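A.B. asks: Next comes the structure file model.txt, holding compact mmCIF, C-alpha atoms.
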```
# COMPACT_ATOMS: atom_id res chain seq x y z
CA MET A 773 -7.84 23.09 8.85
CA GLY A 774 -8.74 19.57 7.79
CA LYS A 775 -6.51 16.52 7.88
CA VAL A 776 -5.06 15.12 4.68
CA ILE A 777 -4.91 11.34 4.50
CA VAL A 778 -3.30 9.28 1.77
CA VAL A 779 -4.53 5.74 1.21
CA THR A 780 -1.65 3.95 -0.46
CA SER A 781 -0.12 0.50 -0.94
CA GLY A 782 2.29 0.21 -3.83
CA LYS A 783 0.63 -2.94 -5.07
CA GLY A 784 -2.59 -2.78 -7.05
CA GLY A 785 -5.82 -4.56 -6.18
CA VAL A 786 -5.32 -4.69 -2.42
CA GLY A 787 -8.26 -2.42 -1.60
CA LYS A 788 -7.12 1.22 -1.69
CA THR A 789 -10.21 2.49 -3.47
CA THR A 790 -12.59 0.29 -1.48
CA SER A 791 -10.96 1.47 1.75
CA SER A 792 -10.91 5.15 0.70
CA ALA A 793 -14.63 5.05 -0.06
CA ALA A 794 -15.53 3.01 3.03
CA LEU A 795 -13.52 5.16 5.47
CA GLY A 796 -14.67 8.38 3.81
CA ALA A 797 -18.31 7.35 4.12
CA ALA A 798 -17.82 6.17 7.71
CA LEU A 799 -16.28 9.50 8.73
CA ALA A 800 -18.98 11.46 6.88
CA LYS A 801 -21.75 9.44 8.52
CA GLY A 802 -20.46 10.71 11.84
CA GLY A 803 -21.12 14.25 10.63
CA ASP A 804 -17.61 15.21 9.50
CA LYS A 805 -17.17 16.95 6.16
CA VAL A 806 -15.22 14.55 3.94
CA VAL A 807 -13.88 14.67 0.39
CA VAL A 808 -12.36 11.63 -1.27
CA VAL A 809 -9.98 12.51 -4.10
CA ASP A 810 -9.14 10.04 -6.86
CA PHE A 811 -5.50 10.40 -7.93
CA ASP A 812 -5.58 7.56 -10.42
CA VAL A 813 -5.56 9.64 -13.59
CA GLY A 814 -6.37 7.50 -16.60
CA LEU A 815 -7.75 4.62 -14.56
CA ARG A 816 -10.29 6.21 -12.29
CA ASN A 817 -12.54 3.91 -10.31
CA LEU A 818 -13.51 5.72 -7.15
CA ASP A 819 -16.53 7.21 -8.95
CA LEU A 820 -17.71 3.70 -9.79
CA VAL A 821 -17.19 2.31 -6.29
CA MET A 822 -19.07 5.28 -4.85
CA GLY A 823 -21.86 5.01 -7.40
CA ALA A 824 -21.28 8.44 -8.93
CA GLU A 825 -19.93 7.39 -12.32
CA ARG A 826 -22.83 8.94 -14.20
CA ARG A 827 -22.52 12.27 -12.48
CA VAL A 828 -18.91 13.09 -13.38
CA VAL A 829 -18.69 16.33 -15.37
CA TYR A 830 -15.36 17.82 -14.38
CA ASP A 831 -12.38 16.19 -12.77
CA LEU A 832 -9.15 16.84 -10.88
CA VAL A 833 -7.16 17.56 -14.06
CA ASN A 834 -9.79 20.08 -15.25
CA VAL A 835 -9.41 21.90 -11.94
CA ILE A 836 -5.63 21.85 -12.08
CA GLN A 837 -5.62 23.14 -15.66
CA GLY A 838 -8.03 25.92 -14.72
CA GLU A 839 -10.83 24.62 -16.94
CA ALA A 840 -13.24 24.18 -14.06
CA LYS A 841 -13.70 25.54 -10.57
CA LEU A 842 -13.17 23.20 -7.66
CA THR A 843 -16.83 23.59 -6.63
CA GLN A 844 -17.93 22.52 -10.11
CA ALA A 845 -15.86 19.36 -10.01
CA LEU A 846 -16.90 18.18 -6.54
CA ILE A 847 -19.71 15.61 -6.55
CA ARG A 848 -21.89 15.40 -3.50
CA ASP A 849 -22.92 11.93 -2.38
CA LYS A 850 -26.64 11.26 -2.63
CA ARG A 851 -26.79 9.22 0.57
CA VAL A 852 -24.58 11.17 2.98
CA GLU A 853 -24.69 14.89 2.50
CA THR A 854 -21.31 15.67 4.06
CA LEU A 855 -19.52 13.26 1.71
CA TYR A 856 -17.96 14.52 -1.53
CA LEU A 857 -15.96 13.02 -4.35
CA LEU A 858 -13.37 14.65 -6.59
CA PRO A 859 -12.96 12.29 -9.54
CA ALA A 860 -9.80 11.70 -11.54
CA SER A 861 -9.65 12.25 -15.25
CA GLN A 862 -10.28 9.16 -17.33
CA THR A 863 -8.79 10.37 -20.60
CA ARG A 864 -5.89 12.63 -19.80
CA ASP A 865 -2.31 11.67 -19.34
CA LYS A 866 -1.10 11.55 -15.74
CA ASP A 867 1.56 14.13 -16.66
CA ASN A 868 -1.21 16.71 -16.39
CA LEU A 869 -0.99 16.26 -12.64
CA THR A 870 1.48 18.97 -11.66
CA PRO A 871 2.97 19.33 -8.18
CA GLU A 872 1.88 22.99 -8.01
CA GLY A 873 -1.63 22.15 -9.19
CA VAL A 874 -2.03 19.35 -6.68
CA GLU A 875 -0.76 21.57 -3.88
CA LYS A 876 -3.31 24.26 -4.73
CA VAL A 877 -6.20 21.81 -4.87
CA VAL A 878 -5.26 20.00 -1.65
CA ASN A 879 -4.81 23.27 0.24
CA ALA A 880 -8.16 24.56 -1.00
CA LEU A 881 -9.90 21.33 0.04
CA LYS A 882 -8.18 21.30 3.41
CA SER A 883 -9.60 24.71 4.29
CA VAL A 884 -13.18 23.54 3.68
CA PHE A 885 -13.26 19.84 4.64
CA ASP A 886 -12.46 18.06 7.90
CA TRP A 887 -10.91 15.16 6.01
CA VAL A 888 -9.25 15.09 2.59
CA ILE A 889 -8.76 11.44 1.65
CA CYS A 890 -6.36 10.94 -1.27
CA ASP A 891 -6.91 7.62 -3.02
CA SER A 892 -3.48 6.82 -4.46
CA PRO A 893 -2.91 4.90 -7.67
CA ALA A 894 -0.85 1.72 -7.51
CA GLY A 895 2.85 1.91 -8.23
CA ILE A 896 5.49 4.40 -7.13
CA GLU A 897 5.28 6.81 -10.05
CA ARG A 898 4.13 10.40 -10.25
CA GLY A 899 0.47 9.80 -9.37
CA ALA A 900 1.38 7.87 -6.23
CA THR A 901 4.07 10.30 -5.07
CA LEU A 902 1.79 13.30 -5.67
CA ALA A 903 -1.07 11.64 -3.78
CA MET A 904 1.15 11.20 -0.70
CA ARG A 905 2.98 14.50 -1.05
CA HIS A 906 0.77 16.67 1.17
CA ALA A 907 -0.50 14.01 3.53
CA ASP A 908 -0.57 14.45 7.30
CA VAL A 909 -1.38 10.77 7.83
CA ALA A 910 -0.83 7.71 5.64
CA ILE A 911 -2.92 4.57 5.59
CA VAL A 912 -0.94 1.70 4.12
CA VAL A 913 -3.35 -0.91 2.77
CA THR A 914 -1.83 -4.39 2.82
CA ASN A 915 -3.02 -7.91 2.08
CA PRO A 916 -1.51 -10.77 4.12
CA GLU A 917 0.45 -11.90 1.11
CA VAL A 918 4.18 -11.67 0.29
CA SER A 919 4.11 -9.32 -2.70
CA SER A 920 1.74 -6.90 -1.00
CA VAL A 921 3.86 -6.79 2.17
CA ARG A 922 7.01 -6.18 0.16
CA ASP A 923 5.42 -3.32 -1.78
CA SER A 924 4.03 -1.82 1.42
CA ASP A 925 7.54 -1.81 2.85
CA ARG A 926 8.71 0.11 -0.21
CA ILE A 927 5.85 2.61 0.12
CA ILE A 928 6.67 3.15 3.80
CA GLY A 929 10.20 4.07 2.70
CA LEU A 930 8.79 6.61 0.24
CA LEU A 931 6.43 8.04 2.86
CA ASP A 932 9.46 8.64 5.06
CA SER A 933 11.44 10.36 2.33
CA LYS A 934 9.29 11.87 -0.40
CA THR A 935 6.47 13.55 1.50
CA LEU A 936 6.48 17.21 2.46
CA ARG A 937 6.41 16.22 6.12
CA ALA A 938 9.43 13.98 5.74
CA GLU A 939 11.34 16.65 3.82
CA ASN A 940 10.64 19.15 6.61
CA GLY A 941 12.04 16.68 9.11
CA GLU A 942 8.62 16.07 10.67
CA HIS A 943 7.22 12.71 11.65
CA MET A 944 5.02 11.06 9.06
CA GLU A 945 2.18 9.25 10.80
CA LYS A 946 1.58 5.85 9.20
CA HIS A 947 -1.07 3.23 9.89
CA LEU A 948 -1.49 -0.28 8.61
CA LEU A 949 -4.87 -1.37 7.30
CA LEU A 950 -4.80 -5.11 6.78
CA THR A 951 -7.43 -6.07 4.22
CA ARG A 952 -8.80 -9.35 2.87
CA TYR A 953 -7.80 -11.12 6.05
CA ASP A 954 -9.02 -14.69 6.25
CA ALA A 955 -8.83 -15.84 9.86
CA ALA A 956 -9.43 -19.50 9.04
CA ARG A 957 -6.56 -19.63 6.56
CA ALA A 958 -4.25 -17.78 8.93
CA GLU A 959 -5.18 -20.22 11.69
CA ARG A 960 -4.31 -23.14 9.40
CA GLY A 961 -0.92 -21.58 8.79
CA ASP A 962 -1.59 -20.84 5.14
CA MET A 963 -1.81 -17.09 5.42
CA LEU A 964 0.45 -14.57 7.11
CA LYS A 965 -0.97 -13.68 10.50
CA VAL A 966 -1.65 -10.18 11.74
CA ASP A 967 1.39 -10.32 14.01
CA ASP A 968 3.63 -11.51 11.17
CA VAL A 969 2.73 -8.50 9.04
CA LEU A 970 2.98 -6.10 11.99
CA GLU A 971 6.39 -7.44 12.93
CA ILE A 972 7.71 -7.09 9.40
CA LEU A 973 6.31 -3.64 8.60
CA SER A 974 6.44 -2.29 12.17
CA ILE A 975 3.84 0.44 11.82
CA PRO A 976 0.78 0.67 14.08
CA LEU A 977 -2.37 -1.16 13.13
CA LEU A 978 -5.47 0.84 12.19
CA GLY A 979 -7.74 -2.09 11.51
CA ILE A 980 -8.25 -5.56 10.08
CA ILE A 981 -10.81 -5.92 7.33
CA PRO A 982 -11.95 -9.53 6.96
CA GLU A 983 -12.22 -11.13 3.54
CA SER A 984 -15.91 -10.91 2.73
CA MET A 985 -18.46 -11.22 -0.04
CA ASP A 986 -20.00 -8.00 1.22
CA VAL A 987 -17.15 -5.94 -0.22
CA LEU A 988 -17.73 -7.11 -3.80
CA ARG A 989 -21.47 -6.86 -3.30
CA ALA A 990 -21.19 -3.25 -2.23
CA SER A 991 -18.99 -2.31 -5.18
CA ASN A 992 -21.40 -4.08 -7.55
CA LEU A 993 -24.08 -1.80 -6.18
CA GLY A 994 -21.92 1.32 -6.34
CA SER A 995 -21.91 1.87 -2.63
CA PRO A 996 -19.10 2.19 -0.09
CA VAL A 997 -19.33 -0.96 2.03
CA THR A 998 -20.01 1.20 5.10
CA LEU A 999 -23.15 2.56 3.45
CA ALA A 1000 -24.33 -0.66 1.81
CA ASP A 1001 -24.77 -2.60 5.03
CA ASP A 1002 -23.54 -1.11 8.25
CA ARG A 1003 -23.86 -4.42 10.14
CA SER A 1004 -21.63 -6.53 7.87
CA ALA A 1005 -18.24 -7.63 9.23
CA PRO A 1006 -16.09 -5.48 6.89
CA SER A 1007 -18.38 -2.53 7.48
CA ILE A 1008 -18.01 -2.77 11.26
CA ALA A 1009 -14.24 -3.05 10.85
CA TYR A 1010 -14.14 0.09 8.69
CA PHE A 1011 -16.32 2.03 11.13
CA GLU A 1012 -13.96 1.10 13.94
CA ALA A 1013 -10.93 2.07 11.86
CA ALA A 1014 -12.57 5.45 11.20
CA ARG A 1015 -13.05 5.97 14.94
CA ARG A 1016 -9.38 5.16 15.53
CA LEU A 1017 -8.44 7.71 12.86
CA LYS A 1018 -10.34 10.28 14.90
CA GLY A 1019 -8.10 9.42 17.82
CA GLU A 1020 -10.28 7.00 19.74
CA ASN A 1021 -8.38 4.25 21.52
CA LEU A 1022 -10.44 1.27 20.46
CA PRO A 1023 -9.14 -2.28 20.98
CA ILE A 1024 -8.58 -4.25 17.80
CA MET A 1025 -10.06 -7.72 17.66
CA ILE A 1026 -8.29 -10.20 15.45
CA PRO A 1027 -11.03 -12.04 13.57
CA GLY A 1028 -11.35 -15.67 14.57
CA GLU A 1029 -8.60 -15.60 17.16
CA LYS A 1030 -9.19 -17.91 20.07
CA ARG A 1031 -9.01 -15.99 23.30
CA GLY A 1032 -9.53 -16.56 26.95
CA PHE A 1033 -12.13 -14.76 28.98
CA PHE A 1034 -9.87 -11.81 29.83
CA GLY A 1035 -8.54 -11.61 26.32
CA LYS A 1036 -12.08 -11.25 25.08
CA ILE A 1037 -12.71 -8.37 27.42
CA PHE A 1038 -9.51 -6.47 26.92
CA GLY A 1039 -8.81 -7.38 23.30
CA ARG A 1040 -5.76 -5.97 21.67
CA LYS A 1041 -4.35 -2.57 22.28
CA ALA A 1042 -4.99 -0.27 19.37
CA ALA A 1043 -2.34 1.67 17.54
CA MET B 277 -9.87 -34.64 -3.10
CA ASN B 278 -6.83 -36.44 -1.91
CA LEU B 279 -7.22 -36.49 1.87
CA ARG B 280 -3.71 -37.68 2.58
CA ARG B 281 -2.33 -34.78 0.59
CA LEU B 282 -4.53 -32.36 2.48
CA PHE B 283 -3.33 -33.56 5.87
CA SER B 284 0.32 -33.97 5.04
CA ARG B 285 0.61 -30.49 3.57
CA THR B 286 2.95 -28.27 5.55
CA GLN B 287 2.03 -24.74 6.50
CA SER B 288 3.11 -22.10 4.01
CA ALA B 289 2.77 -18.95 6.12
CA PRO B 290 6.02 -19.48 8.10
CA ALA B 291 7.91 -19.75 4.81
CA ALA B 292 6.30 -16.53 3.59
CA ARG B 293 7.28 -14.77 6.80
CA GLU B 294 10.92 -15.90 6.65
CA ARG B 295 11.31 -15.10 2.97
CA LEU B 296 9.91 -11.62 3.51
CA LYS B 297 12.15 -10.93 6.49
CA VAL B 298 15.31 -11.82 4.59
CA LEU B 299 14.26 -9.98 1.45
CA LEU B 300 13.24 -6.80 3.23
CA ALA B 301 16.35 -6.73 5.37
CA HIS B 302 18.31 -6.57 2.13
CA GLU B 303 16.02 -4.14 0.36
CA ARG B 304 16.05 -1.74 3.29
CA ALA B 305 19.83 -1.85 3.51
CA ALA B 306 20.14 -1.20 -0.20
CA VAL B 307 18.34 2.16 -0.18
CA GLY B 308 20.50 4.57 -2.14
CA ASP B 309 22.66 1.73 -3.39
CA SER B 310 20.06 -0.48 -4.96
CA ASP B 311 22.30 -2.07 -7.54
CA LEU B 312 25.06 -3.45 -5.38
CA VAL B 313 25.43 -6.68 -7.36
CA SER B 314 25.99 -5.06 -10.74
CA LYS B 315 28.35 -2.53 -9.18
CA LEU B 316 30.42 -5.26 -7.54
CA ARG B 317 30.42 -7.26 -10.77
CA ASP B 318 31.69 -4.27 -12.78
CA GLU B 319 34.41 -3.46 -10.29
CA ILE B 320 35.58 -7.04 -9.94
CA LEU B 321 35.67 -7.45 -13.71
CA ARG B 322 37.58 -4.21 -14.09
CA ALA B 323 40.14 -5.46 -11.60
CA ILE B 324 40.52 -8.77 -13.41
CA SER B 325 40.71 -7.19 -16.86
CA MET B 326 43.69 -5.12 -15.75
CA HIS B 327 45.63 -8.38 -15.74
CA MET B 328 44.05 -10.34 -18.58
CA GLN B 329 41.63 -10.15 -21.44
CA ILE B 330 38.25 -11.56 -20.53
CA ASP B 331 35.16 -12.26 -22.53
CA HIS B 332 32.24 -10.51 -20.81
CA ASP B 333 29.77 -13.06 -22.12
CA LYS B 334 31.63 -15.78 -20.29
CA VAL B 335 31.18 -14.30 -16.88
CA THR B 336 28.43 -15.37 -14.50
CA VAL B 337 27.58 -13.57 -11.34
CA LYS B 338 25.43 -15.18 -8.70
CA MET B 339 24.11 -13.65 -5.54
CA GLU B 340 22.50 -15.58 -2.73
CA ARG B 341 20.87 -13.50 -0.04
CA GLY B 342 20.75 -15.08 3.38
CA ALA B 343 19.55 -13.95 6.77
CA GLN B 344 23.01 -13.88 8.35
CA TYR B 345 25.19 -13.34 5.33
CA SER B 346 25.06 -13.21 1.57
CA THR B 347 27.34 -14.77 -0.95
CA LEU B 348 28.48 -13.33 -4.22
CA ALA B 349 29.96 -15.75 -6.72
CA VAL B 350 31.76 -14.41 -9.76
CA ASP B 351 32.64 -17.07 -12.27
CA VAL B 352 35.09 -15.92 -14.92
CA GLU B 353 36.17 -18.15 -17.74
CA ILE B 354 39.84 -17.50 -18.43
CA PRO B 355 40.86 -18.41 -21.98
CA PHE B 356 44.15 -20.23 -22.33
CA ASP B 357 45.91 -17.51 -24.38
CA ALA B 358 44.71 -14.75 -22.11
CA ALA B 359 46.37 -16.51 -19.22
CA LYS B 360 49.51 -16.96 -21.29
CA LYS B 361 49.49 -13.31 -22.33
CA ALA B 362 49.21 -12.23 -18.75
CA ALA B 363 52.04 -14.47 -17.67
```
Show me, as structure tokens, the structure contained in the file I just sent.
C.D. replies:
Amino acid sequence: MGKVIVVTSGKGGVGKTTSSAALGAALAKGGDKVVVVDFDVGLRNLDLVMGAERRVVYDLVNVIQGEAKLTQALIRDKRVETLYLLPASQTRDKDNLTPEGVEKVVNALKSVFDWVICDSPAGIERGATLAMRHADVAIVVTNPEVSSVRDSDRIIGLLDSKTLRAENGEHMEKHLLLTRYDAARAERGDMLKVDDVLEILSIPLLGIIPESMDVLRASNLGSPVTLADDRSAPSIAYFEAARRLKGENLPIMIPGEKRGFFGKIFGRKAA
Amino acid sequence: MNLRRLFSRTQSAPAARERLKVLLAHERAAVGDSDLVSKLRDEILRAISMHMQIDHDKVTVKMERGAQYSTLAVDVEIPFDAAKKAA
């Protein structure tokens, strides 16, 4: 049985889709079978970020409505053969996303793939709650910025109350992925620091993705940043986050932080 | 660029952190009772209107959320005849 991950944030534009694609590709590059599912019905973008926009025939809503088989709707990545995409519908209303339909699709995917990554839409409406519903693990994508942190706090509350796991009284595993982090601005005191955000949200840290031109460049090219250039700073950070997701205890380096000799060796304890 | 302005500028991140802490402390406490202010306002006004006629447009409610405590200010304009009637 595969693991179901929801990539969520509440606020829009913080990097959910970028992170879903980058983590999915990083996990798939390691040989795992990965599917990334776009839950943003009406405003799909995962296909574009992954460079598959011209290959979409069927989508999630078609599968839920019984108009297409799951295998027909899945798009295999051209670069990594264990990476798949299930696109969202661009035209249909999000009301076509039914709880029963989503459950069926997620369960079917879980039995075939090692990782089912659900790319949540922004907001706290139906699409977002359905994307998190069946998750085993949540990745909360947050920018070091007040409105993003506030919305993440709200989403954490929903993860602890509206998911199947929460309703069954089980623990919902949550990880913070801090994106667009600018070490120089944080050092100057003009951006929330990693520890500020961690203290406020109090969930374990999965990774810190530095603000970088490489992210926009990769999306311009239609490639997850981890496939576009695997030596770029954000790419390395995503690869490390993917290894932590697999349970590896990798120290997290805070970009640009001044450390002593021992600090450099031991780094920061991972979540 | 104005160099003096650049150097005299105070850091903004500590303010962001403090504002978030206070806000979230309140938002977390308000789960399940998210509209405390309007509820309080309605109940206070109901209590007052048992004793006098009040014009609902002439009522202002202000809430100030602080780290240690919050204040709720209800400002009710009492018309002269209403006060007389109640007396």
A.B. asks: For chain B, report every residue with an atom at most 6 Å from chain A (counting all atoms listed in the file), formatted as a PyMOL selection string.
C.D. replies: chain B and resi 287-289
A.B. asks: Would you mind listing what lies within 10 Å of Val874 in chain A as a PyMOL selection string, with only C-alpha atoms counted and same-chain residues fewer than 6 positions away left out?
C.D. replies: chain A and resi 811+832-833+835-836+880+902-903+905-906
A.B. asks: Would you please work out which residue, of A:Leu1022, A:Ile981, A:Ala990, A:Ile911, is nearest to Ile927 in chain A when using only C-alpha atoms?
C.D. replies: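 Nearest candidate to Ile927 in chain A out of A:Leu1022, A:Ile981, A:Ala990, A:Ile911: A:Ile911.
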A.B. asks: What does the structure give for the distance between CA of Asp891 in chain A and CA of Asp865 in chain A, in Å to one decimal?
C.D. replies: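 Interatomic distance here is 17.4 Å.
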A.B. asks: Quick one: residues within 10 Å of range 940-946 of chain A, only C-alpha atoms counted, chain neighbours fewer than 3 positions away excluded, as a list of chain:residue names?
C.D. replies: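 Everything that qualifies: A:Ile777, A:Val778, A:Ala907, A:Asp908, A:Val909, A:Ala910, A:Ile911, A:Val912, A:Ile928, A:Leu931, A:Asp932, A:Ser933, A:Thr935, A:Leu936, A:Arg937, A:Leu949, A:Ser974, A:Ile975, A:Pro976, A:Leu977, A:Leu978.
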A.B. asks: How many Å separate CA of Asn1021 in chain A from CA of His947 in chain A?
C.D. replies: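 Distance between the two atoms: 13.8 Å.
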A.B. asks: Select, from A:Arg952, A:Lys1018, A:Lys934, A:Lys805, the residue with the minimum atom-to-atom distance to Glu853 in chain A, counting only C-alpha atoms.
C.D. replies: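 Nearest candidate to Glu853 in chain A out of A:Arg952, A:Lys1018, A:Lys934, A:Lys805: A:Lys805.
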A.B. asks: Around (18.1, -18.6, 10.0) in the file's own coordinates, what residues are found within 12 Å if you use only C-alpha atoms, given back as an mmCIF file with C-alpha atoms, in the coordinates of the input?
C.D. replies:
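Written out: part.cif:
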```cif
data_model
loop_
_atom_site.group_PDB
_atom_site.id
_atom_site.type_symbol
_atom_site.label_atom_id
_atom_site.label_comp_id
_atom_site.auth_asym_id
_atom_site.auth_seq_id
_atom_site.Cartn_x
_atom_site.Cartn_y
_atom_site.Cartn_z
ATOM 1 C CA ALA B 291 7.910 -19.750 4.810
ATOM 2 C CA ARG B 293 7.280 -14.770 6.800
ATOM 3 C CA GLU B 294 10.920 -15.900 6.650
ATOM 4 C CA ARG B 295 11.310 -15.100 2.970
ATOM 5 C CA LYS B 297 12.150 -10.930 6.490
ATOM 6 C CA VAL B 298 15.310 -11.820 4.590
ATOM 7 C CA ARG B 341 20.870 -13.500 -0.040
ATOM 8 C CA GLY B 342 20.750 -15.080 3.380
ATOM 9 C CA ALA B 343 19.550 -13.950 6.770
ATOM 10 C CA GLN B 344 23.010 -13.880 8.350
ATOM 11 C CA TYR B 345 25.190 -13.340 5.330
#
```
A.B. asks: Skipping near chain neighbours, those fewer than 5 positions away, what residues fall within 8 Å of Gly899 in chain A using all atoms listed in the file, listed as a ChimeraX atom specification?
C.D. replies: /A:811-813,866,869,892-893
A.B. asks: From the list A:Ile889, A:Ala798, A:Val878, A:Leu1017, which residue is nearest Val852 in chain A when using only C-alpha atoms?
C.D. replies: A:Ala798
A.B. asks: Quick one: of B:Val352, B:Asp318, B:His302, B:Ala292, who's nearest to Ile330 in chain B, counting all atoms listed in the file?
C.D. replies: B:Val352
A.B. asks: Given all atoms listed in the file as the basis, pick out the residue of B:Thr286, B:Glu353, B:Arg317, B:Leu300 nearest to Lys338 in chain B.
C.D. replies: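 Residue with the minimum atom-to-atom distance to Lys338 in chain B: B:Arg317.
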A.B. asks: Using only C-alpha atoms, which residue out of B:Ile354, B:Arg304, B:Leu299, B:Arg285 lies closest to Asp331 in chain B?
C.D. replies: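 Ranking B:Ile354, B:Arg304, B:Leu299, B:Arg285 by distance to Asp331 in chain B, first place goes to B:Ile354.
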A.B. asks: Distance CA of Thr901 in chain A-CA of Gly979 in chain A, one decimal place?
C.D. replies: 23.8 Å
A.B. asks: List as a list in words: which residues have an atom within 9 Å of (-13.2, -4.7, 0.7), counting only C-alpha atoms?
C.D. replies: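 Output: Val786, Gly787, Lys788, Thr789, Thr790, Ser791, Ala794, Thr951, Arg952, Ile981, Pro982, Glu983, Ser984, Met985, Asp986, Val987, Leu988, Ala990, Ser991, Val997, Pro1006 and Ser1007 of chain A.
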A.B. asks: Just need range 289-301 of chain B in a file, please: N, CA and C atoms, as an mmCIF file, in the first residue's frame.
C.D. replies:
```
data_model
loop_
_atom_site.group_PDB
_atom_site.id
_atom_site.type_symbol
_atom_site.label_atom_id
_atom_site.label_comp_id
_atom_site.auth_asym_id
_atom_site.auth_seq_id
_atom_site.Cartn_x
_atom_site.Cartn_y
_atom_site.Cartn_z
ATOM 1 N N ALA B 289 10.732 42.045 10.930
ATOM 2 C CA ALA B 289 10.404 40.648 11.246
ATOM 3 C C ALA B 289 9.926 40.449 12.693
ATOM 4 N N PRO B 290 10.553 41.123 13.685
ATOM 5 C CA PRO B 290 10.052 40.948 15.061
ATOM 6 C C PRO B 290 8.596 41.394 15.206
ATOM 7 N N ALA B 291 8.223 42.451 14.495
ATOM 8 C CA ALA B 291 6.831 42.906 14.545
ATOM 9 C C ALA B 291 5.911 41.856 13.940
ATOM 10 N N ALA B 292 6.341 41.272 12.832
ATOM 11 C CA ALA B 292 5.546 40.224 12.187
ATOM 12 C C ALA B 292 5.340 39.050 13.138
ATOM 13 N N ARG B 293 6.428 38.681 13.821
ATOM 14 C CA ARG B 293 6.348 37.540 14.730
ATOM 15 C C ARG B 293 5.376 37.818 15.882
ATOM 16 N N GLU B 294 5.472 38.991 16.475
ATOM 17 C CA GLU B 294 4.597 39.315 17.606
ATOM 18 C C GLU B 294 3.139 39.419 17.179
ATOM 19 N N ARG B 295 2.909 40.053 16.040
ATOM 20 C CA ARG B 295 1.524 40.188 15.557
ATOM 21 C C ARG B 295 0.907 38.818 15.314
ATOM 22 N N LEU B 296 1.697 37.937 14.692
ATOM 23 C CA LEU B 296 1.187 36.591 14.417
ATOM 24 C C LEU B 296 0.876 35.834 15.694
ATOM 25 N N LYS B 297 1.762 35.937 16.669
ATOM 26 C CA LYS B 297 1.569 35.197 17.923
ATOM 27 C C LYS B 297 0.262 35.589 18.588
ATOM 28 N N VAL B 298 0.022 36.903 18.662
ATOM 29 C CA VAL B 298 -1.196 37.393 19.318
ATOM 30 C C VAL B 298 -2.424 36.968 18.528
ATOM 31 N N LEU B 299 -2.362 37.168 17.218
ATOM 32 C CA LEU B 299 -3.502 36.831 16.364
ATOM 33 C C LEU B 299 -3.861 35.352 16.456
ATOM 34 N N LEU B 300 -2.832 34.505 16.348
ATOM 35 C CA LEU B 300 -3.103 33.070 16.312
ATOM 36 C C LEU B 300 -3.559 32.539 17.660
ATOM 37 N N ALA B 301 -3.059 33.150 18.729
ATOM 38 C CA ALA B 301 -3.528 32.742 20.053
ATOM 39 C C ALA B 301 -5.041 32.938 20.132
#
```
